[in-house]
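Data first, discussion second: the structure below is written as structure tokens.
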Amino acid sequence: MVPKDRLPYGNSVVDDLVMPGKRLGPYRVQRLVQLTLLGPLYHVTDESHGQDLCLQVLPAFFNADQELFAKLQQTVRTLQQASVKGILRPSHVERIEGKAAIVFEGTSALSATDYVLHKGGPIAETKVLDILQRTASILEQANANGIRHRSMAPENVLIQESGEVLIVGFGMLDVLDRALLDQFISTAIIPIQETSARAYFTLMEAMAPELRSRSAVDVRAEIYSLGLLGAFLLVGNKSSNLLSSLQKEHPDLYKKWSYWLEHSLHEVPEKRYQTFAALQKHLAMLRNQGKITLEVSQDRTKRYSIYCAVIALTAVAMLYFGWRWANQPLQQIVDEPTDGDAIIRTLEENQHGLLRVEAMPGARLYVVLPDDTQQFIDTIPEEGFLLIRDRLLADSYHLRVTAQGYKDFNAENITLQANRWVQLPVKLVPLPASLKITSEPAGIPVYINGKHRGETPTVVDNLPPGEQLSVIIRDERFRSPEEKLTLGPGANSALDFGNLLQRRAQLNLHIEIPLAELIADRLELIRLSIGQRTFEAVSSFRAALLPGSHRIRIEHPDFKTLDTRIELRDDETLDLSLILVPLPAVLELSLPENMAATVLVNNQVVKLVRNTIQLTPGVRTEIAVQPEDHLAMVYSIIPRPNQQLQWTVPILPIPGPESGNSWTVPGLNLRMAWIPSGEFLLGSPMQEIMRLPNEGPPN
């Protein structure tokens, strides 16, 4: 298994795309030339030197793996030194924004897929011949110089308006070892969305069958890629079967090109063109004569006649012995299983049975022999049904239909007859798929279609094939990436979310403290709590927090406790100002018991509650107390928040006038003199026992 840090992309190639006009290191991107699993190829401008160049940005692991980076540099040096005209020439390898990138010469050419889109459909036959002959010449020269492509998709062929051809991607698959290539193909998600106008061929679709199956690969793999390019240019779109599309939509073209296409795209390498020379020869015939003529030598004709005579004699002998051994049981002609066309013969009858098999296109029909070996009969074509007229003799058979990712379908004791079609409808049951899900860090909960399916890394089995799955991983610390994908029947796929991005929100908090000048010596008593964290003696706070709900609590002994909750969104910066509300000051009055008094605060009569009154902090306040029959007392103060005050009110009698007239008591010979208020002694200060009669009254 390839380590996670060598996976090509966390989510998909499109995450790393740079839009036209944006900068990529020292380069400004003009347009996207092509996009493959090996990364995007941009047409860029080196603004510091005024050069038009092409830049291919490779997956991050090319930069991280020093051995891989060294192999990449060696491949680029080989391409620089190759004397092959038609290769998009690399200049050097450099590191840009943490990734390896190959700098190429500049070109205004379009990829073959964009070229077809630009032309609006199928390309003219003469133009197709020009492109194929030039492309074949480049591939032939490259292979002669030991430079292989092996997976040339139409996306790799760049076509100038003049018809000149450039090929990009030589040697890149040789840089990757097979294990890494397999992981690479299975984990990177193709971002291109095909339309009816714009096609896209994946790396697997462009590979020759022998490369997909890890068989030996030679020049015939390049011929397969060339056949794919030719079929695509002639049809003008991508279909599941280009040859069938060409036959239906352009029957005249198909008649001319069928031999060349079938001998370029055959699944069996031995049945393809064996050399570029043979392929080029037939392309020249198509250009000059409009058809391919096959030359058969005189000796070959004689040999062919002899072979036909031998076959005829053999057939007569077989009929004779068949009549002799009419009651013999089933015999097997071919001893070992083969993928070639097979015929199961019975000696009971000489007539062929008629069989119509209805199954999904691409499924394979076998006959199962008594020893449980199976003989391949044919592949179900695109139409979805297969007619067997001359493959099986009339008899009873055990038939098996198989397809990649589906349970085998077995039909035993199927009796074929010579005069009646036997219908065999086959409904293949897809095997469940499995998906391995990884992330960095690990331990993140995984949800598929809303259902919890474990934590990363995890392998989820028994997933329904053919249905769109929504895969999301959720953790309050990270952003929740989501991938929508559809798994094929029986597929064992991997999905790596890569390094997760932390969720972040910014809080800028300012605490406004009214009357701060009155409590300057008590400001350090403020206490701020956010969630489980507490901060002392702060009036402002700036921090990165996780998105979501947060409780804020601010405490100070002189102010009301402020308790609130805020909601932060991902990537949000919240500027928040909170104002504390001061607690009132309290004044306690001390008066003689049972003394009635009126209390006024700023000339407003107030009622005492347990001999206390509340005062507004920070405001000058005048308190007046008027005891009954006594002088009014006044107290003025600017209280601070929550200040506790006490006032013992002085009790003073109301003074009389400073002077007055004497007053004679009516009816009595008594005259009262005015005495001013104050304390004094009346009479003699002498002690009573010392007072003489002529010294006046007692005190």
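Labeling convention for the structure tokens: chains A, B, ... as they appear, residues from 1 per chain, ligands from 1 in order of appearance.
Non-sequential neighbours of Ala596 (chain A) (distance at most 12 Å, separation of 6 or more positions within a chain, only C-alpha atoms) are Leu608, Asn611, Val625, Gln626, Pro627, Glu628, Asp629, His630 and Ile651 of chain A.
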Export of the given selection (N, CA and C atoms) as a PDB file, in the first residue's frame:
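Result file is selection_9.pdb:
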ATOM      1  N   LEU A 608     -37.340  55.931  52.965  1.00  0.00           N
ATOM      2  CA  LEU A 608     -36.234  55.104  53.424  1.00  0.00           C
ATOM      3  C   LEU A 608     -36.667  53.645  53.498  1.00  0.00           C
ATOM      4  N   ASN A 611     -33.717  52.374  56.574  1.00  0.00           N
ATOM      5  CA  ASN A 611     -32.817  53.527  56.785  1.00  0.00           C
ATOM      6  C   ASN A 611     -31.752  53.664  55.687  1.00  0.00           C
ATOM      7  N   VAL A 625     -31.932  65.865  55.208  1.00  0.00           N
ATOM      8  CA  VAL A 625     -32.735  65.196  56.233  1.00  0.00           C
ATOM      9  C   VAL A 625     -33.314  66.274  57.150  1.00  0.00           C
ATOM     10  N   GLN A 626     -34.658  66.267  57.312  1.00  0.00           N
ATOM     11  CA  GLN A 626     -35.346  67.269  58.133  1.00  0.00           C
ATOM     12  C   GLN A 626     -36.045  66.577  59.304  1.00  0.00           C
ATOM     13  N   PRO A 627     -35.359  66.475  60.501  1.00  0.00           N
ATOM     14  CA  PRO A 627     -36.026  65.895  61.684  1.00  0.00           C
ATOM     15  C   PRO A 627     -37.104  66.867  62.189  1.00  0.00           C
ATOM     16  N   GLU A 628     -38.099  66.287  62.781  1.00  0.00           N
ATOM     17  CA  GLU A 628     -39.188  67.120  63.283  1.00  0.00           C
ATOM     18  C   GLU A 628     -38.678  68.007  64.428  1.00  0.00           C
ATOM     19  N   ASP A 629     -38.985  69.340  64.350  1.00  0.00           N
ATOM     20  CA  ASP A 629     -38.647  70.340  65.367  1.00  0.00           C
ATOM     21  C   ASP A 629     -37.139  70.502  65.538  1.00  0.00           C
ATOM     22  N   HIS A 630     -36.386  70.066  64.502  1.00  0.00           N
ATOM     23  CA  HIS A 630     -34.943  70.231  64.565  1.00  0.00           C
ATOM     24  C   HIS A 630     -34.436  70.778  63.235  1.00  0.00           C
ATOM     25  N   ILE A 651     -28.389  65.992  65.128  1.00  0.00           N
ATOM     26  CA  ILE A 651     -29.710  66.461  65.556  1.00  0.00           C
ATOM     27  C   ILE A 651     -29.514  67.782  66.307  1.00  0.00           C
TER      28      ILE A 651
END
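By chain and then residue number, the residues within 8 Å of Ile472 (chain A) are Val446, Tyr447, Ile448, Ser480, Pro481, Glu482 and Glu483 of chain A, counting only C-alpha atoms and disregarding those fewer than 4 positions away in sequence.
Taking CA of Ile437 (chain A) and CA of Asn63 (chain A) as the two end points, the separation is 24.0 Å.
You will find CA of Leu399 (chain A) at 7.2 Å from CA of Leu365 (chain A).
All residues of protein, DNA or RNA that reach within 12 Å of Ala284 (chain A), judged by only C-alpha atoms and not counting those fewer than 2 positions away in the chain, are Thr126, Leu129, Asp130, Leu132, Gln133, Arg134, Trp260, Ala277, Ala278, Leu279, Gln280, Lys281, His282, Leu286, Arg287, Asn288, Gln289, Gly290, Lys291, Ile292 and Thr293 of chain A.
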Go ahead and save the picked residues with C-alpha atoms, as a PDB file, in the first residue's frame.
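Contents of the output file result-v4.pdb:
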ATOM      1  CA  THR A 126      -8.130  14.640 -45.022  1.00  0.00           C
ATOM      2  CA  LEU A 129      -5.158  11.666 -42.124  1.00  0.00           C
ATOM      3  CA  ASP A 130      -2.714  14.574 -41.743  1.00  0.00           C
ATOM      4  CA  LEU A 132      -2.633  10.660 -37.737  1.00  0.00           C
ATOM      5  CA  GLN A 133       0.349  10.469 -40.094  1.00  0.00           C
ATOM      6  CA  ARG A 134       2.189  13.216 -38.209  1.00  0.00           C
ATOM      7  CA  TRP A 260      -7.499   0.306 -40.137  1.00  0.00           C
ATOM      8  CA  ALA A 277       5.367   1.034 -41.016  1.00  0.00           C
ATOM      9  CA  ALA A 278       2.367  -1.253 -41.640  1.00  0.00           C
ATOM     10  CA  LEU A 279       0.021   1.292 -40.070  1.00  0.00           C
ATOM     11  CA  GLN A 280       1.483   4.190 -42.083  1.00  0.00           C
ATOM     12  CA  LYS A 281       1.257   2.146 -45.303  1.00  0.00           C
ATOM     13  CA  HIS A 282      -2.475   1.697 -44.868  1.00  0.00           C
ATOM     14  CA  LEU A 286      -6.606   5.641 -47.488  1.00  0.00           C
ATOM     15  CA  ARG A 287      -5.227   8.986 -48.661  1.00  0.00           C
ATOM     16  CA  ASN A 288      -4.352   7.901 -52.218  1.00  0.00           C
ATOM     17  CA  GLN A 289      -6.897   5.195 -53.083  1.00  0.00           C
ATOM     18  CA  GLY A 290      -9.677   5.843 -50.595  1.00  0.00           C
ATOM     19  CA  LYS A 291      -9.535   2.206 -49.423  1.00  0.00           C
ATOM     20  CA  ILE A 292      -7.156  -0.440 -48.066  1.00  0.00           C
ATOM     21  CA  THR A 293      -6.278  -3.248 -50.476  1.00  0.00           C
TER      22      THR A 293
END
Q.
Which residues are near region 571-581 of chain A? Cut-off 12 Å, only C-alpha atoms, ignore same chain within fewer than 6 positions. Put them as a PyMOL selection string.
A. chain A and resi 478-479+501-516+526+528+539-548+552-565+616-617+641-642
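Excluding Gln80 (chain A) itself and same-chain residues fewer than 2 positions from it, the residues having an atom within 7 Å of it are A:Val76, A:Arg77, A:Thr78, A:Ala82, A:Arg89, A:Pro90, counting only C-alpha atoms.
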Q: Using CA of Ser549 (chain A) and CA of Glu476 (chain A) as the two end points, give the distance in Å to one decimal.
A: 11.2 Å
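Comparing A:Ile519, A:Leu487, A:Leu253, A:Leu41 by their smallest distance to Gly169 (chain A), the closest is A:Leu41 (using only C-alpha atoms).
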Q: Excluding Ala442 (chain A) and residues on its chain fewer than 3 positions from it, collect all residues at most 7 Å away from it, counting only C-alpha atoms, and give them as number ranges by chain.
A: A: 439, 456-457
**Q.** Which residue of A:Val601, A:Ala124, A:Met633, A:Val29 approaches Leu615 (chain A) most closely, using only C-alpha atoms
**A.** A:Val601
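The nearest approach to Ile167 (chain A) among the residues A:Val471, A:Leu525, A:Leu229, A:Leu88, with only C-alpha atoms taken into account, belongs to A:Leu88.
Distances from A:Ile377, A:Ile123, A:Ile530, A:Met207 to His550 (chain A) were compared using only C-alpha atoms, and the smallest one belongs to A:Ile530.
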Q | Close residues, Glu267 (chain A) itself excluded, 12 Å, only C-alpha atoms, min 3 positions apart in chain, as a PyMOL selection string | A | chain A and resi 207-213+220-221+223-225+227-228+261-264+270-273+339-340
Write the selection just made, keeping C-alpha atoms, as a PDB file, in the first residue's frame?
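Written out: out10.pdb:
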ATOM      1  CA  MET A 207      -4.312   2.695 -21.880  1.00  0.00           C
ATOM      2  CA  ALA A 208      -3.988  -0.347 -24.106  1.00  0.00           C
ATOM      3  CA  PRO A 209      -5.632  -3.464 -22.576  1.00  0.00           C
ATOM      4  CA  GLU A 210      -2.273  -5.161 -22.014  1.00  0.00           C
ATOM      5  CA  LEU A 211      -1.065  -2.185 -19.950  1.00  0.00           C
ATOM      6  CA  ARG A 212      -4.184  -2.297 -17.806  1.00  0.00           C
ATOM      7  CA  SER A 213      -3.682  -6.030 -17.155  1.00  0.00           C
ATOM      8  CA  ARG A 220       1.597  -1.967 -30.122  1.00  0.00           C
ATOM      9  CA  ALA A 221       0.387  -0.080 -27.056  1.00  0.00           C
ATOM     10  CA  ILE A 223      -0.630   1.910 -31.943  1.00  0.00           C
ATOM     11  CA  TYR A 224      -3.701   1.368 -29.745  1.00  0.00           C
ATOM     12  CA  SER A 225      -3.521   5.005 -28.552  1.00  0.00           C
ATOM     13  CA  GLY A 227      -6.310   4.133 -33.119  1.00  0.00           C
ATOM     14  CA  LEU A 228      -8.225   5.759 -30.254  1.00  0.00           C
ATOM     15  CA  LEU A 261      -9.449   1.004 -36.930  1.00  0.00           C
ATOM     16  CA  GLU A 262     -10.012  -2.671 -36.080  1.00  0.00           C
ATOM     17  CA  HIS A 263      -6.316  -3.393 -36.591  1.00  0.00           C
ATOM     18  CA  SER A 264      -5.378  -0.431 -34.389  1.00  0.00           C
ATOM     19  CA  GLU A 270      -1.220  -9.851 -31.896  1.00  0.00           C
ATOM     20  CA  LYS A 271      -4.236  -8.822 -33.977  1.00  0.00           C
ATOM     21  CA  ARG A 272      -3.163  -5.171 -34.202  1.00  0.00           C
ATOM     22  CA  TYR A 273      -0.669  -3.627 -36.576  1.00  0.00           C
ATOM     23  CA  ASP A 339     -10.153 -16.877 -24.551  1.00  0.00           C
ATOM     24  CA  GLY A 340     -10.474 -17.440 -28.294  1.00  0.00           C
TER      25      GLY A 340
END
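Here the question is which of A:His149, A:Lys99, A:Lys238, A:His92 gets nearest to Leu117 (chain A) using only C-alpha atoms, and that residue is A:Lys238.
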(Q) For the structure I just gave you, how does DSSP split region 138-172 of chain A - specifically, which residues are strand (DSSP E or B)? Reply as a ChimeraX atom specification. (A) /A:157-159,165-167
Atoms kept (N, CA, C and O atoms) for selection, written as a short mmCIF file (atom, residue, chain, number, x, y, z; two decimals), in the first residue's frame:
data_model
loop_
_atom_site.label_atom_id
_atom_site.label_comp_id
_atom_site.auth_asym_id
_atom_site.auth_seq_id
_atom_site.Cartn_x
_atom_site.Cartn_y
_atom_site.Cartn_z
N VAL A 157 -2.43 15.12 -27.19
CA VAL A 157 -2.06 15.49 -28.56
C VAL A 157 -2.48 16.95 -28.77
O VAL A 157 -3.66 17.28 -28.69
N LEU A 158 -1.49 17.81 -29.02
CA LEU A 158 -1.75 19.24 -29.20
C LEU A 158 -1.68 19.55 -30.70
O LEU A 158 -0.70 19.21 -31.37
N ILE A 159 -2.73 20.18 -31.22
CA ILE A 159 -2.86 20.41 -32.66
C ILE A 159 -2.88 21.90 -32.94
O ILE A 159 -3.70 22.65 -32.38
N VAL A 165 1.54 18.95 -35.23
CA VAL A 165 1.18 18.19 -34.03
C VAL A 165 2.34 18.22 -33.04
O VAL A 165 3.51 18.10 -33.42
N LEU A 166 2.00 18.40 -31.75
CA LEU A 166 2.94 18.25 -30.64
C LEU A 166 2.36 17.25 -29.66
O LEU A 166 1.14 17.22 -29.45
N ILE A 167 3.21 16.43 -29.07
CA ILE A 167 2.75 15.44 -28.09
C ILE A 167 3.42 15.74 -26.75
O ILE A 167 4.63 15.97 -26.69
#
